[in-house]
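Enquirer: The following block contains the structure, expressed as structure tokens.
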Amino acid sequence: MADSGVATRQRPGRIGDSVVRPDGREKVRGEFRFSSDLPVEGALWGATLRSVHPHARIKRLDVTPAWKIPGVEAIITADDVPGKSTYGLIFADQPVFASEVVRYVGEPLAAVAADHPETCRKALEAIIVEYELLDPLTDPERAVDGSHPPIHPDGNVIRHQRVLCGDPDATGPVVVEGFYEMGMQDQAFLGLEAALALPDPGGAGVELHVATQAMHEDLHQIAACLGLPEDKVRLILAGVGGAFGGREDLSLQVHTCLLALRTGRPVRVHYGREESFLGHIHRHPARMWMRHHATADGRIIKIEARFVLDGGAYASTSSAVLVNAVTHTQGPYVCENAVVDGWSVRTNNPPCGAMRGFGVVQACFAHEGQMDKLAAACGLSAVEIRLRNAMRTGDRLITGQVVENVAPVERCIRETDALPLPDEPIGGFGDDPMRLPGGAGLTADRGHIRRGIGWGVAIKNMMYSEGFDDYSTARCSLADGVATLKFATAEVGQGFVTIAQQIARTLLGVDDVQLDRIDTTIGSAGSTSASRQTWMSGGAVDMACRRVRERLFEHVGRMWSVDPIRLVVDGDSVVDSSDSSRRISVADATAGQRFEETAEYHHPPTEPLDENGQGDCHTAFAFVAHRAVVDVDPELGLVKVIQVATAQDIGVALNPLSVVGQLEGGIAQGLGLAVMEEIVMQDGKIRNPSFTDYLLPTFLDMPPVVASLIEEPDPRAPLGAKGIGEPPCISVTPAIVAAIRDAIGKDLSRVPVRPQDICL
Amino acid sequence: MTVSVPTSVAEAVSLLAAAPDSLVLAGGTDLMVEVNAGHRSLDRVIAVDRIEELRDWSISADRRSLTIGSGVPYSLVMDGPIAELVPALAQASRTVGSPQIRHVGTIGGNLGTCSPAGDTLPVLAALDAQIHLRSVSGGRTVSFSHFMTGVKRNSRQPDELITGVTLPVLPGWQGYSKVGVRNAMVIATASSCLAVDESTRSVRVALGSVGPVIIRCTDAEDWVVGQIDWERRAVDDGVVAEFGQRCGVAARPIDDHRSTAAYRRRAIEVLSARQLRRAFPNG
Ligand SMILES: Cc1cc2nc3c(=O)[nH]c(=O)nc-3n(C[C@H](O)[C@H](O)[C@H](O)COP(=O)(O)OP(=O)(O)OC[C@H]3O[C@@H](n4cnc5c(N)ncnc54)[C@H](O)[C@@H]3O)c2cc1C
């Protein structure tokens with residue numbers, strides 16, 4: 001991160017400072033406008049009719065009774081989709097509206113626009129749907145073994161990928177194996193899906209204000225379905241209340257636009273919580289098996305593994321999630337031989353796709369369970385087994401790819417280990433019942449509780465893989481001492497808006513950095529996912545700002561008749577490094593001037609995996625370790641997480657406050673997966689589509705986090721900084737489960753761990 | 001939609017008499033959830049939160065019973081004088097929802113909803129609480145066991161207002177325990193209230209979330225009184241274990257998306273055994 005263009009770092013708000021988010025104050029005060037808060041006079045409301053069956057033929061769909069309801073302005077079905085009838089991030093296999101068959105509970109059949117939400121509700125009730133029920137495919141193994149007829153023209157296997165590496169017959173004196181299972185987690189963002197579409201006169205185009213993760217991915221798919229050229233569809237990011245992968249796929253976008261175009265009036269669609277559970281994709285439930293072969297002293301010789309990911313009814317990103325799972329089988333450990341088989345399959349369960357950790361969460365839960373089994377078999381501690389196998393820069397993965405990034409796995413483990421354990425005894429120092437598992441329920445006394453400690457370590461790829469050029473675009477302009485940044489990077493709460501300003505302040509010596517509206521009038525920034533925006537959009541902002549700075553130096557150089565190479569930014573001024581008495585404030589230097597540059601940042605190309613899972617498919621990697629301390633009531637199966645310690649390979653802390661925010665948030669999400677968060681499915685139906693029954697950790701469930709930020713700048717990263725969004729939620733889940741196992745001395749192979757898994 | 005805001009019980013019951021299909025709105029923490037879910041529509045609402053007499057509580061002259069107005073919120077029950085008189089009710093109140101919910105949610109609302117997971121209900125059942133109802137034609141009082149008739153069903157008539165509950169102030173240990181998957185802000189998957197009456201040397205146990213109604217464990221109650229050394233406040237470990245099992249047998253739990261019948265029964269066994277041990281700490 002050495003930057004010869006900046007002499008000193010004196011003023012606040014620059015890279016490395018804990019700058020507060022520009023929208024932080026508004027959010028805390030409840031004044032921030034989320035996508036559901038957009039004010040529009042005279043907008044109609046839209047609502048969606050959804051399938052109530054997981055698999056059925058639509059025998060009759062009669063909307064005429066709904067037209068009789070006063071206030072109804074539009075009713076649309078599959079017949080009304082003017083463009084492409086399907087969409088999808090990788091394969092366009094998902095219908096905008098189901099036409100012949102429905103493949104999951106919640107699949108859209110029709111949408112209505114009316115003067116009031118209540119009118120919409122009545123209209124949806126009035127629509128007649130007659131179904132012929134079909135046998136639902138809900139067991140993913142039946143998609144793998146081919147025993148269920150295809151539920152979609154594309155077949156029931158979305159992708160099969162193996163990874164074969166080294167000697168398939170290699171073995172060692174120690175062999176451990178295990179089955180692992182993961183339930184379906186929801187992104188559970190608090191800001192529900194909401195959008196507002198404003199039609200252009202005559203239906204020539206449409207403007208969509210929407211909470212999304214990926215402006216241009218949305219744009220391509222929406223325009224295709226609307227049958228409009230892309231320049232006639234304009235997306236504007238509306239306030240996003242969290243995403244975590246759940247806004248990567250389309251949900252209400254096309255429906256809202258179609259209703260607006262059909263009525264010629266603004267239309268807004270807001271989902272409620274139950275509809276949100278039906279309307280977006282979830283984390284893939286997984287069934288996994290792994291067998292590790294090792295030397296007597298615990299060094300991994302070979303890993304065999306099998307993954308089955310339930311992709312639900314449509315492909316979404318299932319194929320990429322599978323690649324992440326199988327290519328992360330080994331975890332952050334050296335392994336020379338591997339035989340891995342993985343499937344992501346289609347079922348009549350809800351579609352699954354991206355969620356924070358993207359396939360690696362599943363793999364990590366299994367490989368970390370295996371590491372503990374290996375430690376036990378070799379008589380080693382959880383820390384020692386991981387240290388012995390820790391990978392380093394230059395090691396070759398089972399895909400044949402060499403890890404070229406900084407890879408401080410050993411340091412992550414050692415620094416986590418060095419963090420202090422909680423000093424409070426079981427139940428805390430006082431009499432506060434909230435310190436015990438069961439909390440206010442007064443279920444236990446101190447003597448009933450056992451404490452356990454567990455470990456998890458993870459490797460996570462960053463950016464897109466397998467040949468995707470997920471580039472980012474940014475524009476910087478500097479005029480009258482004010483910098484303005486423009487990008488289409490979706491700010492979903494992760495804080496890119498803060499980082500972008502910090503970059504510009506640091507490079508340009510200005511305090512005032514304006515952010516232009518986030519929309520599609522500039523080139524793509526790719527998706528806010530895969531821990532990629534600080535790296536990719538940060539790289540683009542950095543590049544654009546540097547180019548603007550060159551123009552500024554040229555301008556000042558001409559004014560002073562000096563070689564621009566001698567100029568630096570110092571504080572708020574441009575200074576001649578050979579004669580520091582010569583300085584001019586950036587504001588003065590840019591008075592009446594305007595320098596503007598647009599930059600595109602591309603990461604180095606990657607390649608697809610071959611049929612044996614070989615290839616340099618990933619862009620970059622980051623690492624993290626977690627240690628969890630839990631208190632467990634073995635008789636009731638209740639758990640309280642007491643502390644999580646973590647050391648994360650972050651490259652550089654561009655904004656330490658923001659880093660800690662990501663670490664803590666990710667840990668909360670991983671804790672949720674470990675002990676409570678699960679979409680409970682029965683016969684293709686979600687049993688708990690509400691926050692009454694889909695339990696998220698609250699403040700009271702969240703332990704103190706002690707963290708060590710490992711700052712080894714990555715020379716391959718434009719700012720030296722790695723993506724930090726996903727790693728925090730990955731290995732904390734296995735760490736917590738390992739801690740529970742440690743406390744009760746029982747094997748647990750499924751998350752979330754339910755009370756009955758512990759005590760029955 | 002019409003909303004009436006009576007300020008007296010008399011006014012409220014005459015409004016109810018005039019339109020018995022009205023919805024009584026107290027804290028709204030159950031009702032509004034149902035309205036939002038589309039299960040109920042708000043055509044006529046009688047908001048009772050301005051009726052001061054419902055928000056009052058009093059202790060009888062002989063100090064042996066306590067009457068709590070139906071409009072008393074959990075935050076008032078949780079600590080202070082009521083908590084000393086009926087600790088189990090205070091503990092149950094403390095487990096309800098979050099501070100916001102406890103601030104507006106009321107005991108009358110818990111009774112009005114009559115969910116098997118309603119947290120105050122096992123306490124009211126264990127203590128044989130008397131429920132007071134009023135209509136224009138007068139008042140009546142029913143014991144809790146006659147009040148709750150099924151899952152979210154009770155014997156309140158449409159024109160009746162729940163005005164309050166009367167509970168005995170018992171000498172002896174009492175407590176409420178609740179199991180949920182989260183450490184707070186969670187619906188009970190199983191709960192238990194145990195109350196000892198030293199004056200009659202009796203033990204009462206009532207279970208929540210393990211049947212369509214709150215279940216009294218009369219077999220375990222009757223059996224255990226003979227096993228207790230009342231002078232020393234002692235029971236054997238074996239008695240504690242068997243007591244837990246007997247309470248577990250009384251439970252009638254089901255499998256649902258929140259838990260399994262087997263787990264719920266186990267939780268009851270553990271909770272009631274631990275409560276008995278808390279009540280009689282000596283072995
Ligand atoms: C987030 C959340 C968490 C919750 N957690 C818990 C929990 O942990 N434990 C628990 O037991 N409950 C919980 N609840 C449910 C609810 O808070 C309680 O049942 C509460 O006691 C309801 O009281 P209220 O005053 O809000 O009732 P309201 O919602 O106003 O009314 C509930 C019902 O009772 C009727 N009613 C109310 N008062 C009277 C009266 N005086 N006469 C006749 N009928 C009346 C109403 O018509 C309605 O049918 C929770 C609710 C929410 C939203």
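Chain labels run A, B, ... following the order of the structure tokens; each chain numbers its residues from 1, and ligands are numbered from 1 in the order shown.
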Could you write out as a PyMOL selection string the residues of chain A within 9 Å of chain B, counting only C-alpha atoms?

Expert: chain A and resi 434+436-445+635-640+675-676+680-682+687-688+692-693+695-698+700-701+754-756+759-760

Enquirer: Write the residues of the preceding selection, restricted to C-alpha atoms, as a compact mmCIF listing (two decimals), in the first residue's frame.

Expert:
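Full text of out30.txt as output:
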# COMPACT_ATOMS: atom_id res chain seq x y z
CA MET A 434 -29.08 -14.37 31.78
CA LEU A 436 -26.73 -19.27 31.99
CA PRO A 437 -28.12 -21.25 29.06
CA GLY A 438 -31.89 -20.90 29.20
CA GLY A 439 -31.54 -17.32 30.39
CA ALA A 440 -34.70 -15.73 31.72
CA GLY A 441 -36.41 -19.13 31.50
CA LEU A 442 -34.63 -20.05 34.74
CA THR A 443 -34.09 -23.57 33.51
CA ALA A 444 -30.77 -24.36 35.11
CA ASP A 445 -28.50 -23.81 38.03
CA GLU A 635 -30.01 -32.46 30.03
CA LEU A 636 -32.08 -29.78 28.31
CA GLY A 637 -29.89 -29.29 25.27
CA LEU A 638 -29.73 -25.52 25.70
CA VAL A 639 -26.62 -23.63 24.68
CA LYS A 640 -25.17 -20.26 25.47
CA VAL A 675 -27.73 -23.35 17.07
CA MET A 676 -31.02 -21.96 15.84
CA VAL A 680 -38.04 -26.16 8.53
CA MET A 681 -39.34 -27.97 5.46
CA GLN A 682 -42.08 -30.54 5.32
CA ARG A 687 -43.25 -24.58 8.21
CA ASN A 688 -41.82 -21.49 9.85
CA THR A 692 -41.73 -16.00 15.47
CA ASP A 693 -40.47 -19.38 14.42
CA LEU A 695 -35.20 -17.75 15.14
CA LEU A 696 -32.37 -15.29 14.69
CA PRO A 697 -29.88 -14.64 17.43
CA THR A 698 -30.72 -11.53 19.43
CA LEU A 700 -28.77 -11.72 24.33
CA ASP A 701 -27.52 -14.66 22.29
CA ARG A 754 -31.29 -28.63 18.10
CA PRO A 755 -31.87 -29.15 21.81
CA GLN A 756 -33.01 -32.71 21.15
CA CYS A 759 -30.07 -34.31 25.11
CA LEU A 760 -31.95 -37.18 23.51

Enquirer: Please identify all protein, DNA and RNA residues within 7 Å of ligand 1, counting only C-alpha atoms and all ligand atoms, and report them as a ChimeraX atom specification.

Expert: /B:23-33,48,70-71,95-98,101,104-113,117-120,160-163,185-188

Enquirer: Do a neighbour search on region 474-485 of chain A at 7 Å with only C-alpha atoms, toss out local chain neighbours closer than 6 positions, and write the hits as a list in words.

Expert: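 Final neighbour list, sorted by chain and number: Val510, Asp512, Val513, Gln514, Leu515, Asp516, Ser537, Ala540, Val541, Ala544, Cys545, Val548, Val586, Ala587, Thr590, Ala591, Gly592, Gln593, Arg594, Phe595, Glu596, Glu597, Thr598, Ala599 and Glu600 of chain A.
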
Enquirer: Could you list, as a list in words, every residue within 9 Å of Trp230 (chain B), counting only C-alpha atoms and ignoring same-chain residues fewer than 6 positions away?

Expert: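 Near Trp230 (chain B), the qualifying residues are Glu198, Arg201 and Phe280 of chain B.
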
Enquirer: If you measure from CA of Ile565 (chain A) to CA of Leu508 (chain A), what distance in Å do you get, rounded to one decimal?

Expert: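 About the pair CA of Ile565 (chain A) and CA of Leu508 (chain A): they are 15.2 Å apart.
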
Enquirer: Show which residues sit within 12 Å of Gly202 (chain A), as a list in words. Count only C-alpha atoms, and ignore same-chain residues fewer than 4 positions away.

Expert: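 That gives Leu198, Val206, Ala260, Leu261, Arg262, Thr263, Gly264 and Arg265 of chain A.
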
Enquirer: Have a look at B:Ala279, B:Leu194, B:Val165, B:Leu54 and name the one nearest to Ala88 (chain B); count only C-alpha atoms.

Expert: B:Leu194

Enquirer: Rounded to one decimal, what separation in Å do you get between CA of Ile15 (chain A) and CA of Leu654 (chain A)?

Expert: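 Separating CA of Ile15 (chain A) from CA of Leu654 (chain A) is a distance of 5.1 Å.
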
Enquirer: Excluding region 614-622 of chain A and any residue of its chain fewer than 6 positions from it, enumerate the residues within 10 Å of it, using only C-alpha atoms, and give them as a PyMOL selection string.

Expert: chain A and resi 162-165+323-324+327+332+397-409+458-468+531-532+603-608+648-651+714+716-717+722-724+726-727
